[in-house]
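Below is one structure; the comments refer to it alone.
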Amino acid sequence: MLDTATAAPTTQDTLLDVNNVEVIYNHVILVLKGVSLKVPKGGITALLGGNGAGKTTTLKAISGLLASERGEVTKGSIKYRDASIQHADPAAIVRKGVIQVMEGRHCFSHLTVEENLLTGFYTRKMNKAEMAADLEKVYTYFPRLRERRKSQAGYTSGGEQQMCAIGRAMMAKPETILLDEPSMGLAPQLVEEIFGIVKDLNEKEGVSFLLAEQNTNVALRFAHYGYILESGRVVMDGPAADLRENPDVKEFYLGMSDDGRKSFRDVRSYRRRKRWLS
Amino acid sequence: MLYRTAGQYKTSYASDQAVFPVRQDAILLGIILVLAWVVFPLTANEFTFQTLLIPVLIYSLAALGLNVLTGYAGQLSLGTAAFMGVGAYACYKMVTLMPWMNPVVAILLSGFFSAGIGVAFGIPSLRIKGFYLAIATLAAQFFLVWLFEKWGWLYNYNSSGAIQVPNLTMFGIYVAGPQAASIVQYYVVLAIVTLITWLTINLTRGTLGRTWKATRDMDFAAELIGINLMKSKLTAFAISSYIVGVSGALFVFMWRGAAEPNLFDIPLSFRILFIAIIGGLGSIMGNYLGAILIVGLPVMLNIVPEALGIHIDSSLVEHLNIMIVGSLIIFFLIIEPHGLARLWALIREKLVIWPFPH
Amino acid sequence: MKDQIEGYTTADGRKIGAVVMEMKNITLRFGGVVAIQDISFDIREGEIRAIIGPNGAGKSSMLNVISGFYTPSEGEVWYKGSKRPPMKPYEVARQGIARTFQNIALFEGMSVLDNVMTGRLTHMHAGILPQMIWKGKAEAEETANRVIAEKVIDFLEIQHIRKTPVARLPYGLKKRVELARALAAEPTILLLDEPMAGMNVEEKEDMCRFILDVNDEFGTTIALIEHDMGVVMDLSDRVVVMDYGKKIGDGTPDEVRNNQDVIDAYLGVQH
Amino acid sequence: MLHDIFIAPFQDMFAAPDFLLQVLWEGLVSGILYALIALGFVLIYRSSRIFNFAQGIMVVFAALTLVGLHAMGVPAWICVLLTLGVMFVLAVAIERVVLRPLVGQPDIILFMATIGITLFLIGLGEIIFGGENKVMITEELGIPTGSWTLEPFGGLLILEQKDVTAVVVAALLVVGLLVFLSRTQMGRAIRALGDDSQAALSVGISLHTIWVLVWFIAGIIALVTGIAWGARAGVSFALEVIAYKALPVLMLGGLESIAGAIIGGLMIGLLEKLFEIYWGQPLMGGNTETWFAFVLALLVLLFRPQGLFGEKIIERV
Amino acid sequence: DIYAPNLSYRTGPFAATGIPLMNGQKDYFTMINERDGGIGGVKIQFDECETGYSTEKGVECYEKTKGSAVVTQPWSTGITLQVLPKTNVDKIPILAPGYGFSPMADGKVFQWAFNTPGSYWDAASMILKFISEDNLDNLKGKKIAFLHLDHPFGKEPLPFLEAKAAQHGFELLPIPVGLKEMQNQSAQWLQIRRERPDYVIMWGWGAMNAGAITEAVKTKFRMENFIGTWWSGHDADLRIVGEDGKGYKSISFSRPMLDAAVQADIKKYVVDAGKSQSNPEEMSGVFYNRGLVISMILAEGIKSAQDHFKVGEINAEQLRWGLENLNVTEERLAELGMTGMVAPFKTSCADHTGHSGGWILEWDGKAFVEASDHLTPDSASIQPLEAEKAAEYAAANAPWPMNEECK
Ligand SMILES: Nc1ncnc2c1ncn2[C@@H]1O[C@H](COP(=O)(O)OP(=O)(O)OP(=O)(O)O)[C@@H](O)[C@H]1O
Ligand SMILES: Nc1ncnc2c1ncn2[C@@H]1O[C@H](COP(=O)(O)OP(=O)(O)OP(=O)(O)O)[C@@H](O)[C@H]1O
Ligand SMILES: [Mg+2]
Ligand SMILES: [Mg+2]
């Protein structure tokens, strides 16, 4: 059915270490209630969970984007290469090598695709030759972007915008990419394509990924390790292969019953509540 | 546990739709009404009437009108003052052309004139949005003020170009003009403001209110669920301008006693916008809170140093005043961008669960 | 092919009625871009009709044409047996067509209940004066429509968030509230643009349940865009496939699944 | 009546072409000055979607600082440098105190905040500099003050040299800005920020740096504007009202377009002057300049809701 | 103490012209308090309430001060118009020297209002007299542009000028300047260039003055034929154009007399004591000195009331009487050390203005110097107009109490 990801890489240095983080929005809305996770170097780590579980919030806490949404980390620590990045501003975090690709393909809609990509170079020292070379590399990964380089990003299709956002992040030459729901709203073959590129980047360029996804199916196929988040807590974690076999994950996240995939027409008759949630 | 709402069950939708479903709010409203109708008028002196009570009410009404348009229907207007001017001039023409007319009736009628003009200037809103729409209202602002200046008929060809409120009586009591007593004017204003507020509350919580809010929050979605945007926006312009026009007539007839065209210039528009925003867009109560702050603050700032016996140069006081008002505006925007009304709502939310933290 | 006039019965025994809406040779252009090119298809009463296709194929644009948000450059829309004259989106809505949006378009400044009540606006006709004094027709209408709104809220199991401002809701619930708003209008045809994007399987299951129930209990006709093939294949009675503005397939899920053009353009790997 | 509206004005124009030229020149000069203020607005709007009402008072503040420093005996060019320093400090302060805590708020809130800044600066400025009208140090800055008298069509055309200077400087400023925005990394970042500040943050564009930069550039523009206007009419707080004139210019040209600000400014400057002289004064009692620009902008917007050069709002459902 | 507040404006767009006036007024009373211990042994509490020339703030100040104040000095035609009807009820005199509503001269109608020692119509009349060399018929066929602020203040002299134009056959061309155009009057001056008037009479205030004068220089309008009202003769405004403004004139009911005795006293008791905010440059100017004259008028009113009622701490009604019975003679001016700073005048129940007349001052490139003999307004033609407009006002504001005691 599918090509499963290669086994987790052997080097297990932890790049990103999120420890018991609590996040509150607007001083009142408690969203993350102590989330801990680790992203190893060279790995693809998946962050799974339902709507409103706090995946985006976790990523934003790491990349420092919370502040502009009236959210703040009130407890716990976030370390990158053993240095705290908890209070650093987003630009500094990008310079350290961590970049987030936001949910919902935030492209600069009035800039052309190429200008969008070039903004990714912002944190790096200006070097025309290097910039051109990196741009070329992005275009080789995403040939479709080359075709549309001169059009305003606002008028490109959903898939192209997603590529543009990832390509833009690549221009920063990151070590770690925080990828938020890359599959949302994309047609199945585009999802495959994007995840294929993620895998390539991971394998060929050695970029580590922390991947927030709803599409558990795809995510667990490509990831090495997974965390499952529910209501702001990590309720389960383990190697992707193990998670795929877990009966609860199978039922609630993969939509499989004991006898294979069940039809969406049948869900009406019977529903079991999740065990790990009271 | 002062603000406990638990235990107050609603047994019908009608009771849930009441203006104040929570008992404590109704009590609070009662207290405010008693204060406004009984306590203040009995205790206030001339100065308080003239510099606090009457202007706060009139400004609140103007802000309420603006709030209907900007806060509920989402159409930014920077031309409030000009529409107040239309109300004031219309009222002036009516009472001078028809001296037998009841002044309160004249004031209430004058709103229709500004409603008409408001709709005319609201028509561009069907095409123009956001800050660009502000241009339509600014055009109204500058054009109307110019017209007040140039159109002699409006001010009865008065040599100074200003309008002067004549002495007007109702049931043998002076209600407007130099002979009118402040307390009488206060009650007239209070009655009109209370009435219009009540009507506006009903409007904003019903069908029309929802239509406006939908238009404000996402106009294309509103249209796609069956809202006629033209009707929605133009009713908002009409009702908002009506209220603003009435407040303009009150402004001149019940408070200022005279007016020159540039009174209705853009600083007044901004002041009212401030009140609406600091108070809270999309809230009724906010207008009152905002007006108390924006009208009351400078008065207080002027009085405080004197009361403390500090002698500061009056111009320095004024400069400091401007600075403080400017800073406070920024301060309140930072504390709660959604205004004092939201601040109050948050406090209320906390009170509901008080003394427990979550 | 199935009978064009009479309707038919599906495998699981549901009655599908006559054609309620028919798109005839629709073309839609934006400047130089041709978003839809000469597409025709129909929707039958009581069916679930899916539209699929790659990103940028013109699916949302098609929905926008149906709901009157875009006016087609060429072609005709037939509704309930007569040609629809050019009309404003709100007039289309008043004819009984309700929809949800790809990027949630809720009224963020209002509570859930108010959002659902806006769905009832097409059914409320009290004048401004009665509304002002909150008496007579206005009051009665308010209560009567509230009852219907509450029914929809119960149906979609969102009672607990009735008074919450929608801005604070998580994505999945927002989608559900949007559905509630559309349902409250008691539409003849319900258009759903990617109702399950960004949901995990469990949530998709919930959503499917609601869609099926709406279709079953109210007999509402549903047109739906979705990228999850599992959902599309399981739910829909017939599927239109679009690619770069052209129609490349139309038929039952099984027919579509085995159409080579569709596999090449869209499905890619075999499902 | 119709004759007065449609024929007489044109007869007047032909009868005295030198006067018409003078009218056009005056219109051009005020247009350029409006455009300069609008430029400050545009820059800030582009990078932060803030409708910066304080641009007008920044003009006054810059001019007053310049003149005030000179009155203390500082040489003119040093005054310019020091004033630039003051504008920089102001930019940093505004970013720190006002913009940072308000990031991500709705447009209208930020607009209000800039009005708050305006009030604050008026108060502060009057305390520091006093309310008197001051003379701009035009000559000290090396700006020529004479005038050229030409005699086209045997008539008279007076060109003030300082106006000519203002036109030239404004043109240079605009070209510089256009190049900066379209060609440099910073310029791209500024435009990106205006489109989507969250996304800009996520690629490591620092809001704080860009904002300070942009407000500082707006400060420089304010200083140039202040010198140009001050040379014409002296420096006082009454100058603040010219900020209103920039609003229709912006709307007409499009809120985010540099070219729009310039062309809008020129259009408004020229047309309002022509209208006032040939229609307003003879037929409407004059003073039509108070509203003409707004009504003109409104009419244009009815046909192009995003202004002549504004970015089209990309709206997709 | 006698509480005599001043509704000052040291802020806002008109501050430039307001400040020296306020300083002059204030320094005078400080000097009186320091030197004489007040008037009749009672100190004068001369506080300022800041209005920024805003009518709204002005009314607020009026309300705040009226309880204990003996006088209100509104300092703007707008505020004056606003409080004028209220004074009948509140019984407090308005002192508006040289501004306000010209018909206030009619004491029978406006019992509580005083625009001593000259009204705007006086000013207009004297300007016409001057340019026509005392025979208005000389103006026949001439064209006079009337450049004015589009505001009650600027429109005030229009009825008088219009009447005169009709009577003497000259053409009057009113040119309004909007509050927002004060700094940029190129359209107005283009109109002047097109119309080629023989004279430009200006009713300007605040930033409008400087704007007009710079434009006049630019359009090369003959400065000699450019005459302003007394609020348009501010040294600082002219200093902007310096030499180029040579020949510009303005009417004035006051003159700076730098060697007058009062100046020495102010220097001694106020400036040297560190109690003044004024700077030396402004103290030699027209407006500062006019401030002194204005305060002197108030002080004389207080004194005459004290003398009449034989009380020190007079109240507002008594001050009204005092202001109505001013008699500032040459001798009295000498006693006050203000000889020549204002012409002698006298008020009465029926005449609240006194019509002191004035002088034409001319800018010589550095300062204003006297350019005419003492001029007097044409009272014979002003008075009927005053009576007519005052009656109109009273009718519009009926019931309006008249002072039946005056004849
Ligand atoms: N700016 C905000 N203010 C208040 N609450 C917020 C804010 N952003 C998110 N939330 C709340 O925090 C919770 C977690 O949201 P988050 O976006 O992190 O979820 P998620 O797991 O990414 O879900 P999704 O799959 O829908 O993207 C939700 O309940 C959401 O409503
Ligand atoms: N308002 C518009 N202006 C210009 N082009 C548009 C507009 N709306 C849609 N398009 C273009 O029409 C084409 C079809 O877009 P549409 O949104 O219908 O695709 P879709 O099939 O819904 O894709 P997705 O699955 O990504 O939502 C795209 O190329 C898009 O860029
Ligand atoms: Mg998310
Ligand atoms: Mg779509």
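Every chain in the structure tokens takes a letter, A first, then B, and so on in the order presented; its residues are numbered from 1, and the ligands are numbered from 1 following the presented order.
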
Notebook entry, point to check: What do you get as a VMD selection string if you pick all residues at most 8 Å from ligand 3, counting only C-alpha atoms and all ligand atoms?
Noted result: chain A and resid 51 to 52 54 to 57 103 180 to 181 212

Margin query: Taking only C-alpha atoms and all ligand atoms into account, which residues have an atom no farther than 12 Å from ligand 4? I'd like them as JSON, numbers by chain.
Written below: {"A": [156, 157, 158, 159, 184, 185, 186, 187], "C": [35, 51, 52, 53, 54, 55, 56, 57, 58, 59, 60, 61, 62, 63, 64, 100, 101, 102, 103, 104, 192, 193, 194, 195, 197, 224, 225, 226, 227, 242], "D": [316, 317]}

Check: Mind checking DSSP for stretch 285-369 of chain E and telling me the strand (DSSP E) residues as a ChimeraX atom specification?
Finding: /E:327-328,345-346,359-363,368-369

Would you save the residues from that selection as a short mmCIF file (atom, residue, chain, number, x, y, z; two decimals), in the first residue's frame, using N, CA and C atoms?
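What ended up in out-v8.cif:
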data_model
loop_
_atom_site.label_atom_id
_atom_site.label_comp_id
_atom_site.auth_asym_id
_atom_site.auth_seq_id
_atom_site.Cartn_x
_atom_site.Cartn_y
_atom_site.Cartn_z
N ASN E 327 -14.25 106.55 32.73
CA ASN E 327 -13.88 107.82 32.13
C ASN E 327 -12.36 107.91 32.14
N VAL E 328 -11.79 107.42 31.06
CA VAL E 328 -10.33 107.42 30.97
C VAL E 328 -9.90 108.67 30.21
N PHE E 345 -11.16 107.83 26.43
CA PHE E 345 -12.52 107.43 26.07
C PHE E 345 -13.40 107.40 27.31
N LYS E 346 -14.67 107.20 27.07
CA LYS E 346 -15.66 107.34 28.13
C LYS E 346 -16.83 106.45 27.78
N TRP E 359 -4.98 104.43 15.74
CA TRP E 359 -3.95 104.90 14.83
C TRP E 359 -3.66 103.83 13.79
N ILE E 360 -3.11 104.26 12.68
CA ILE E 360 -2.58 103.29 11.73
C ILE E 360 -1.11 103.06 12.07
N LEU E 361 -0.74 101.79 12.20
CA LEU E 361 0.66 101.45 12.44
C LEU E 361 1.21 100.83 11.16
N GLU E 362 2.47 101.12 10.91
CA GLU E 362 3.06 100.59 9.68
C GLU E 362 4.32 99.82 10.00
N TRP E 363 4.50 98.72 9.30
CA TRP E 363 5.70 97.89 9.51
C TRP E 363 6.85 98.51 8.74
N PHE E 368 6.62 97.95 14.19
CA PHE E 368 5.49 98.76 13.78
C PHE E 368 5.71 100.20 14.24
N VAL E 369 5.51 101.14 13.34
CA VAL E 369 5.62 102.54 13.71
C VAL E 369 4.33 103.25 13.33
#

Check: For chain C, which residues have at least one atom within 7 Å of chain B, if we go by only C-alpha atoms? Write them as an MDAnalysis selection string, please.
Finding: chainID C and resid 89:91 93:94 98 105 107:109 118:119 121:122 131:134 143

Next item on the list: Please provide the set of residues having any atom within 12 Å of stretch 397-401 of chain E, restricted to only C-alpha atoms, with same-chain residues fewer than 5 positions apart removed, written as JSON, numbers by chain.
Entry: {"B": [96, 99, 163, 164, 165, 166, 167, 168, 169, 174, 176, 177, 178, 179, 180, 257, 258], "E": [84, 85, 86, 87, 88, 89, 91, 107, 108, 109, 110, 111, 112, 390, 391, 392]}

Can you spit out the residues from that selection as an mmCIF file, in the first residue's frame, using N, CA and C atoms?
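What ended up in selection_20.cif:
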data_model
loop_
_atom_site.group_PDB
_atom_site.id
_atom_site.type_symbol
_atom_site.label_atom_id
_atom_site.label_comp_id
_atom_site.auth_asym_id
_atom_site.auth_seq_id
_atom_site.Cartn_x
_atom_site.Cartn_y
_atom_site.Cartn_z
ATOM 1 N N THR B 96 -37.180 78.236 14.027
ATOM 2 C CA THR B 96 -37.311 79.630 13.618
ATOM 3 C C THR B 96 -38.400 79.812 12.559
ATOM 4 N N PRO B 99 -42.259 78.791 14.897
ATOM 5 C CA PRO B 99 -41.979 79.033 16.322
ATOM 6 C C PRO B 99 -42.959 78.328 17.257
ATOM 7 N N ILE B 163 -25.438 80.293 14.671
ATOM 8 C CA ILE B 163 -26.840 80.188 15.047
ATOM 9 C C ILE B 163 -26.967 80.347 16.553
ATOM 10 N N GLN B 164 -28.066 80.977 16.927
ATOM 11 C CA GLN B 164 -28.281 81.301 18.330
ATOM 12 C C GLN B 164 -29.613 80.674 18.733
ATOM 13 N N VAL B 165 -29.602 79.902 19.793
ATOM 14 C CA VAL B 165 -30.843 79.238 20.173
ATOM 15 C C VAL B 165 -31.800 80.242 20.802
ATOM 16 N N PRO B 166 -33.005 80.393 20.252
ATOM 17 C CA PRO B 166 -33.962 81.311 20.864
ATOM 18 C C PRO B 166 -34.549 80.685 22.134
ATOM 19 N N ASN B 167 -35.237 81.496 22.890
ATOM 20 C CA ASN B 167 -35.902 80.959 24.080
ATOM 21 C C ASN B 167 -37.101 80.146 23.656
ATOM 22 N N LEU B 168 -37.141 78.900 24.064
ATOM 23 C CA LEU B 168 -38.246 78.028 23.670
ATOM 24 C C LEU B 168 -38.923 77.492 24.919
ATOM 25 N N THR B 169 -40.234 77.440 24.856
ATOM 26 C CA THR B 169 -40.932 76.940 26.034
ATOM 27 C C THR B 169 -41.730 75.698 25.687
ATOM 28 N N TYR B 174 -39.310 77.233 30.266
ATOM 29 C CA TYR B 174 -38.248 77.386 29.277
ATOM 30 C C TYR B 174 -37.440 76.108 29.201
ATOM 31 N N ALA B 176 -35.223 75.645 26.264
ATOM 32 C CA ALA B 176 -34.010 75.936 25.503
ATOM 33 C C ALA B 176 -33.831 77.428 25.434
ATOM 34 N N GLY B 177 -32.604 77.843 25.136
ATOM 35 C CA GLY B 177 -32.312 79.262 25.089
ATOM 36 C C GLY B 177 -31.772 79.732 26.426
ATOM 37 N N PRO B 178 -31.322 80.967 26.461
ATOM 38 C CA PRO B 178 -30.645 81.465 27.661
ATOM 39 C C PRO B 178 -31.491 81.405 28.932
ATOM 40 N N GLN B 179 -32.812 81.445 28.783
ATOM 41 C CA GLN B 179 -33.642 81.471 29.995
ATOM 42 C C GLN B 179 -33.849 80.105 30.624
ATOM 43 N N ALA B 180 -33.493 79.057 29.894
ATOM 44 C CA ALA B 180 -33.801 77.717 30.393
ATOM 45 C C ALA B 180 -32.886 77.334 31.549
ATOM 46 N N GLY B 257 -26.293 76.354 23.299
ATOM 47 C CA GLY B 257 -27.043 77.590 23.167
ATOM 48 C C GLY B 257 -26.726 78.369 21.907
ATOM 49 N N ALA B 258 -25.576 78.101 21.298
ATOM 50 C CA ALA B 258 -25.229 78.768 20.053
ATOM 51 C C ALA B 258 -24.201 77.898 19.373
ATOM 52 N N LEU E 84 -22.902 85.322 25.566
ATOM 53 C CA LEU E 84 -23.647 86.585 25.573
ATOM 54 C C LEU E 84 -25.064 86.423 26.139
ATOM 55 N N PRO E 85 -25.861 85.489 25.631
ATOM 56 C CA PRO E 85 -27.217 85.391 26.170
ATOM 57 C C PRO E 85 -27.257 84.904 27.613
ATOM 58 N N LYS E 86 -26.246 84.159 28.021
ATOM 59 C CA LYS E 86 -26.278 83.609 29.376
ATOM 60 C C LYS E 86 -26.028 84.678 30.427
ATOM 61 N N THR E 87 -25.323 85.737 30.026
ATOM 62 C CA THR E 87 -24.936 86.712 31.037
ATOM 63 C C THR E 87 -26.139 87.435 31.632
ATOM 64 N N ASN E 88 -27.200 87.558 30.846
ATOM 65 C CA ASN E 88 -28.407 88.178 31.397
ATOM 66 C C ASN E 88 -28.928 87.398 32.585
ATOM 67 N N VAL E 89 -28.821 86.092 32.478
ATOM 68 C CA VAL E 89 -29.314 85.244 33.553
ATOM 69 C C VAL E 89 -28.301 85.166 34.674
ATOM 70 N N LYS E 91 -25.901 87.235 35.273
ATOM 71 C CA LYS E 91 -25.543 88.552 35.787
ATOM 72 C C LYS E 91 -24.043 88.700 36.030
ATOM 73 N N GLY E 107 -25.670 99.614 24.877
ATOM 74 C CA GLY E 107 -25.828 99.208 26.266
ATOM 75 C C GLY E 107 -27.259 98.995 26.693
ATOM 76 N N LYS E 108 -28.179 99.548 25.945
ATOM 77 C CA LYS E 108 -29.584 99.342 26.321
ATOM 78 C C LYS E 108 -29.960 97.888 26.101
ATOM 79 N N VAL E 109 -29.445 97.337 25.021
ATOM 80 C CA VAL E 109 -29.774 95.949 24.716
ATOM 81 C C VAL E 109 -28.818 94.998 25.429
ATOM 82 N N PHE E 110 -27.551 95.297 25.295
ATOM 83 C CA PHE E 110 -26.550 94.410 25.880
ATOM 84 C C PHE E 110 -26.031 94.987 27.190
ATOM 85 N N GLN E 111 -26.875 94.858 28.194
ATOM 86 C CA GLN E 111 -26.507 95.444 29.474
ATOM 87 C C GLN E 111 -25.189 94.928 30.012
ATOM 88 N N TRP E 112 -24.901 93.676 29.722
ATOM 89 C CA TRP E 112 -23.785 93.009 30.395
ATOM 90 C C TRP E 112 -22.534 92.897 29.541
ATOM 91 N N ALA E 390 -28.702 95.248 16.961
ATOM 92 C CA ALA E 390 -28.963 94.894 18.353
ATOM 93 C C ALA E 390 -30.437 94.565 18.534
ATOM 94 N N ALA E 391 -31.290 95.363 17.901
ATOM 95 C CA ALA E 391 -32.728 95.105 18.019
ATOM 96 C C ALA E 391 -33.077 93.760 17.398
ATOM 97 N N GLU E 392 -32.456 93.472 16.238
ATOM 98 C CA GLU E 392 -32.686 92.180 15.601
ATOM 99 C C GLU E 392 -32.306 91.039 16.539
#

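Taking atom CA of D:Leu69 and atom CA of D:Thr83 as endpoints, the distance between them is 8.2 Å.
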
Note to self: How would you report the residues lying within 7 Å of ligand 1, as a PyMOL selection string, if you count only C-alpha atoms and all ligand atoms?
What the structure shows: (chain A and resi 25-26+29+31+49-58+69-71+214) or (chain C and resi 168-172+198-199)

Next item on the list: Specify as a PyMOL selection string all residues of chain D found within 9 Å of chain E, counting only C-alpha atoms.
Entry: chain D and resi 19+22-23+26-27+30+122-123+126+130-136+147+158+160+229+232-234+236-242+244+273-274+276-277+281+285-287+289-290
